[in-house]
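Worksheet: one structure, shown below.
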Amino acid sequence: MNELAIKDLLYKLADDQLILGHRNSEWTGFGPILEEDIAFSSMAQDKIGHSLAFYTLLQDLGETDPDTVAFTRNANQFHNSQLVELPNGEYDFSLIRHFLYDNAEIIRFEMLSQSSYEPIAKVTTKLKGEVKYHVLHANTWIKNLGSSTEEAILRLQSSLTEAIPYALGMFETSKFEQELIESGVYAGEEAVKAEWLERIQAVIEKTDLKLPDLNTTEPKFGGRNGEHTEHLQPLLDEMAEVFKIDPTAEW
Amino acid sequence: MYGGGNVFEATKFDNLQTEDPAKLAEFEARIARGEKIEPKDWMPELYRKQLIRMIEQHAHSEIIGALPEGTWITRAPGFRRKMAQMAKVQDEVGHAQLLYSAAETLGKTREQMLTDLINGKSKYSNVFNYPAFTWADSNIISWLIDAGAIVNQMANAKGSYGPYSRALERICAEEAFHLKYGHDAVVHMATGSSKQREMIQAALNRWWPPIMTFFGPSDKMSTHTETLMRWKVKMASNDECRQQFLDMYVPKIWELGLTVPDPKLKKNMETGQWEYTEPDWDEFKRVINGDGPCNAERLAVRRTAEERGAWVRRALLNPKAKYVKPLA
């Protein structure tokens with residue numbers, strides 16, 4: 001198996017989870033109700049734990065240790081989709097992003113748990129049970145708020161419209177796509193996207209929200225190749241603020 | 001964290017003579033027998049008011065206390081600390097949830113309590129009006145403020161009100177982990193590079209005066225205090241808590257080669273009591289009344305969170321909102 005292709009896939013998975021986990025953790029102390037503070041913190045912990053698991057697989061393939069990889073790279077070395085790096089905004093945006101992201105992540109994890117590449121299969125089999133709860137959380141809240149007050153519906157609709165181009169950016173294919181599909185690592189991004197669309201539509205249909213026309217939406221690509229919005233570097237600087245005081249120290 | 005001592009002005013001592021003497025006698029007898037008072041049981045108004053005030057202030061201290069440490073979640077160095085810091089602060093928010101629920105059993109809603117918090121009507125532990133300048137400050141809070149809270153809460157867990165007492169037992173179990181986490185982080189700093197040692201000593205210097213005021217000024221013994229102690233609302237005096245804290249933690253601080261910034265601090269072997277420079281109680285009063293380095297900022301953050309989240313709460317209360325059962 002092409003090690004470069006596997007590494008590329010692992011970086012995408014790890015960086016997505018790390019950056020969204022970091023964003024989710026920013027809700028601690030600021031949630032609209034205490035229960036949501038706690039929920040976003042739980043998901044943050046899971047996601048950052050997942051990223052650590054993927055960075056550890058990368059280390060097994062000869063990459064640097066997880067702390068160094070996560071805390072010392074610059075934005076252009078990150079492979080996350082732009083969706084996860086956007087600021088939290090108001091709760092409606094965070095909730096919509098969480099809904100769009102986790103419904104895709106669970107599919108990727110389900111596919112990867114059947115992967116021909118055993119280390120990824122093992123890790124995703126273990127972790128997909130956690131992502132399942134993230135999806136349940138997102139879907140429950142979307143159904144609940146998406147058919148409640150007019151202001152809630154308006155807010156969610158506007159965030160959905162804003163987030164959709166970035167959500168499509170999650171499915172940016174890599175140059176190793178064909179190879180990964182052919183060697184049975186997973187079915188590839190197009191397959192993830194098709195299944196994702198069905199799942200999110202099933203939820204949105206139960207609300208007063210409308211999915212924008214995806215055929216006329218230009219996806220925000222680039223994240224998988226290190227092209228990011230202006231929001232990622234400040235996030236990374238903040239994350240590394242203490243670590244970089246002395247990268248060799250034991251904290 | 002984070003319930004401070006009984007540092008707040010107590011409820012005005014109502015005239016107990018307005019209470020039914022037979023019911024009052026039975027209530028006191030139950031407490032004397034070590035029984036717990038439950039939400040639907042008869043209780044004197046003073047007992048109810050004082051407990052609402054205590055539990056509410058404790059709950060506020062948990063969510064406000066989550067702010068100084070919360071700012072370090074996104075900056076925690078390395079995976080191990082990042083995940084632990086998140087879990088720890090999440091616990092504190094969970095404690096607030098538990099405590100607001102306990103206070104609600106006495107008849108005040110969470111929404112009303114949060115409104116009183118942002119209007120400045122109800123207080124929270126004064127230590128959180130001080131800033132956490134560096135990662136090391138956050139470590140000192142995790143270790144020593146949580147340690148102080150445990151001393152206080154272990155005592156209060158033996159109190160007479162069932163829901164509060166049970167909540168505190170659960171909280172103390174989690175606090176015990178926080179203490180280990182905080183201690184471990186401080187040990188790494190205190191035994192680390194010269195920069196790390198310098199950071200942790202500076203943080204200890206900043207936090208020592210607020211820590212010494214954490215349990216509140218010496219209690220004035222009054223009929224009021226006696227009544228609250230008889231009713232097992234107040235379980236230990238502020239000075240008792242402070243002495244116990246010093247006994248348990250000063251040796252541990254010294255063990256790490258850190259200096260406590262109080263030249264007068266020593267244990268008097270004859271009396272068995274710690275002697276120390278009297279904290280600046282004027283500053284304490286000033287800060288508690290709103291003039292501390294972070295009072296305005298803490299409440300502003302809380303107020304912003306409340307305002308920005310209001311539409312979510314309105315939506316949840318809307319009868320059109322469908323309750324969706326998450327099928328696991």
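Just remember, in the structure tokens the first chain shown is A, the second B, etc., residues are 1-based per chain, and ligands are 1-based in the order shown.
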Q. Taking the backbone alone, and naming residues the way the document does, which bits of range 23-192 of chain A are alpha helix (DSSP H) by DSSP, as a ChimeraX atom specification?
A. /A:23-25,34-60,66-72,82-85,91-112,118-145,150-169,177-182,189-192
Q: Using only C-alpha atoms, select each residue of chain A with any atom at most 7 Å away from an atom of chain B, and give the selection as a list in words.
A: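 So the contacting residues turn out to be His22, Thr28, Gly29, Phe30, Gly31, Pro32, Leu34, Ile38, Ser41, Gln45, Asp67, Leu136, Thr140, Lys143, Asn144, Leu145, Ser147, Ser148, Thr149, Ala152, Glu238, Met239, Ala240, Glu241, Val242, Phe243, Ala249, Glu250 and Trp251 of chain A.
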Give me the residues near Asp146 in chain B as a PDB file with C-alpha atoms, in the first residue's frame, where near means some atom within 12 Å (using only C-alpha atoms) and where sequence neighbours in that chain fewer than 5 positions away do not count.
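Output saved as selection02.pdb:
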```
ATOM      1  CA  MET B   1     -14.180  23.889  42.662  1.00  0.00           C
ATOM      2  CA  TYR B   2     -15.390  26.207  43.640  1.00  0.00           C
ATOM      3  CA  GLY B   3     -17.674  27.010  46.539  1.00  0.00           C
ATOM      4  CA  GLY B   4     -15.826  29.445  48.715  1.00  0.00           C
ATOM      5  CA  SER B  61     -19.027  30.163  41.633  1.00  0.00           C
ATOM      6  CA  GLU B  62     -18.835  27.050  39.473  1.00  0.00           C
ATOM      7  CA  GLY B  65     -14.950  29.845  38.091  1.00  0.00           C
ATOM      8  CA  ALA B  66     -15.008  28.035  34.761  1.00  0.00           C
ATOM      9  CA  GLU B  69      -9.462  28.282  33.718  1.00  0.00           C
ATOM     10  CA  LYS B  88     -11.850  19.509  34.390  1.00  0.00           C
ATOM     11  CA  VAL B  89     -13.602  22.727  33.401  1.00  0.00           C
ATOM     12  CA  GLU B  92     -17.223  22.532  36.951  1.00  0.00           C
ATOM     13  CA  VAL B 127     -11.336  34.583  44.119  1.00  0.00           C
ATOM     14  CA  SER B 138      -4.537  28.132  35.865  1.00  0.00           C
ATOM     15  CA  ASN B 139      -2.482  25.331  37.464  1.00  0.00           C
ATOM     16  CA  ILE B 140      -2.489  27.074  40.830  1.00  0.00           C
ATOM     17  CA  ILE B 141      -6.272  27.462  40.636  1.00  0.00           C
ATOM     18  CA  VAL B 151     -12.076  21.448  52.569  1.00  0.00           C
ATOM     19  CA  ASN B 152     -15.218  23.552  52.574  1.00  0.00           C
ATOM     20  CA  GLN B 153     -17.416  21.142  50.668  1.00  0.00           C
ATOM     21  CA  MET B 154     -16.434  18.032  52.617  1.00  0.00           C
ATOM     22  CA  ILE B 171     -18.938  16.980  43.477  1.00  0.00           C
ATOM     23  CA  CYS B 172     -16.243  16.135  46.027  1.00  0.00           C
ATOM     24  CA  ALA B 173     -15.523  12.852  44.262  1.00  0.00           C
ATOM     25  CA  GLU B 174     -14.786  14.770  41.048  1.00  0.00           C
ATOM     26  CA  GLU B 175     -12.889  17.496  42.864  1.00  0.00           C
ATOM     27  CA  ALA B 176     -10.532  14.865  44.187  1.00  0.00           C
ATOM     28  CA  PHE B 177      -9.458  14.213  40.585  1.00  0.00           C
ATOM     29  CA  HIS B 178      -9.080  17.918  39.897  1.00  0.00           C
ATOM     30  CA  LEU B 179      -6.802  18.182  42.871  1.00  0.00           C
ATOM     31  CA  LYS B 180      -4.611  15.383  41.511  1.00  0.00           C
ATOM     32  CA  TYR B 181      -4.592  17.019  38.101  1.00  0.00           C
ATOM     33  CA  GLY B 182      -3.724  20.439  39.518  1.00  0.00           C
ATOM     34  CA  HIS B 183      -1.013  18.992  41.730  1.00  0.00           C
ATOM     35  CA  ILE B 211      -6.376  32.073  48.562  1.00  0.00           C
ATOM     36  CA  PHE B 214     -11.035  32.212  50.167  1.00  0.00           C
ATOM     37  CA  PHE B 245      -6.260  24.048  54.434  1.00  0.00           C
ATOM     38  CA  TYR B 249      -1.235  22.216  51.740  1.00  0.00           C
TER      39      TYR B 249
END
```
Q) Near Asn268 in chain B, within 12 Å and counting only C-alpha atoms, which residues show up once chain neighbours fewer than 5 positions away are dropped, as number ranges by chain? A) B: 243, 247, 273-276
Contact residues around Ser94 in chain A with only C-alpha atoms at 9 Å, ignoring same-chain residues under 4 positions, as a PDB file with C-alpha atoms, in the first residue's frame:
```
ATOM      1  CA  ARG A  23     -13.553  25.131  18.221  1.00  0.00           C
ATOM      2  CA  ASN A  24     -16.086  23.062  20.201  1.00  0.00           C
ATOM      3  CA  PRO A  87     -15.077  30.814  14.035  1.00  0.00           C
ATOM      4  CA  ASN A  88     -17.921  29.480  16.199  1.00  0.00           C
ATOM      5  CA  GLY A  89     -20.109  32.476  15.522  1.00  0.00           C
ATOM      6  CA  GLU A  90     -23.453  32.276  17.224  1.00  0.00           C
ATOM      7  CA  HIS A  98     -21.704  20.292  13.881  1.00  0.00           C
ATOM      8  CA  PHE A  99     -24.686  18.765  12.054  1.00  0.00           C
ATOM      9  CA  SER A 159     -26.281  29.572   8.935  1.00  0.00           C
TER      10      SER A 159
END
```
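Neighbours of Phe78 in chain A closer than or equal to 8 Å, with only C-alpha atoms counted and sequence neighbours fewer than 4 positions away skipped, come out as Tyr11, Asp15, Arg73, Asn74, Gly223, Arg224, Asn225 and Gly226 of chain A.
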**Q.** Residue contacts of Gln201 in chain B (8 Å, only C-alpha atoms) excluding same-chain residues fewer than 5 positions away, as JSON, numbers by chain
**A.** {"B": [190, 258, 259]}
Please dump the current selection as a compact mmCIF listing (two decimals), in the first residue's frame; keep N, CA and C atoms.
```
# COMPACT_ATOMS: atom_id res chain seq x y z
N ALA B 190 7.03 23.11 38.73
CA ALA B 190 7.98 23.40 39.81
C ALA B 190 9.27 22.61 39.67
N LEU B 258 8.80 25.64 46.48
CA LEU B 258 8.18 26.94 46.23
C LEU B 258 8.13 27.73 47.54
N THR B 259 8.08 29.05 47.39
CA THR B 259 8.04 29.91 48.56
C THR B 259 6.65 30.50 48.71
```
Q.
What's the separation between CA of His79 in chain A and CA of Glu218 in chain A, in Å to one decimal place?
A.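 Those two atoms sit 19.6 Å apart.
Going from CA of Ala32 in chain B to CA of Met229 in chain B covers 11.0 Å.
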Q: Using only C-alpha atoms, pick whichever of A:Gly49, A:Gly188, A:Gly62, A:Pro212 has the shortest atom-to-atom distance to Lys7 in chain A.
A: A:Gly62
Q.
When you count only C-alpha atoms, which of these residues is closest to Lys244 in chain A: A:Ala14, A:Thr72, A:Met1, A:His50?
A.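 For Lys244 in chain A, the nearest of the candidates is A:Thr72.
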Q. Of the candidates A:Leu10, A:Val69, A:Ile107, A:Leu197, which shows the shortest atom-to-atom distance to Pro247 in chain A, using only C-alpha atoms?
A.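 For Pro247 in chain A, the nearest of the given residues is A:Val69.
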Q: Could you check how far CA of Lys234 in chain B sits from CA of Leu299 in chain B, in Å to one decimal?
A: 27.5 Å
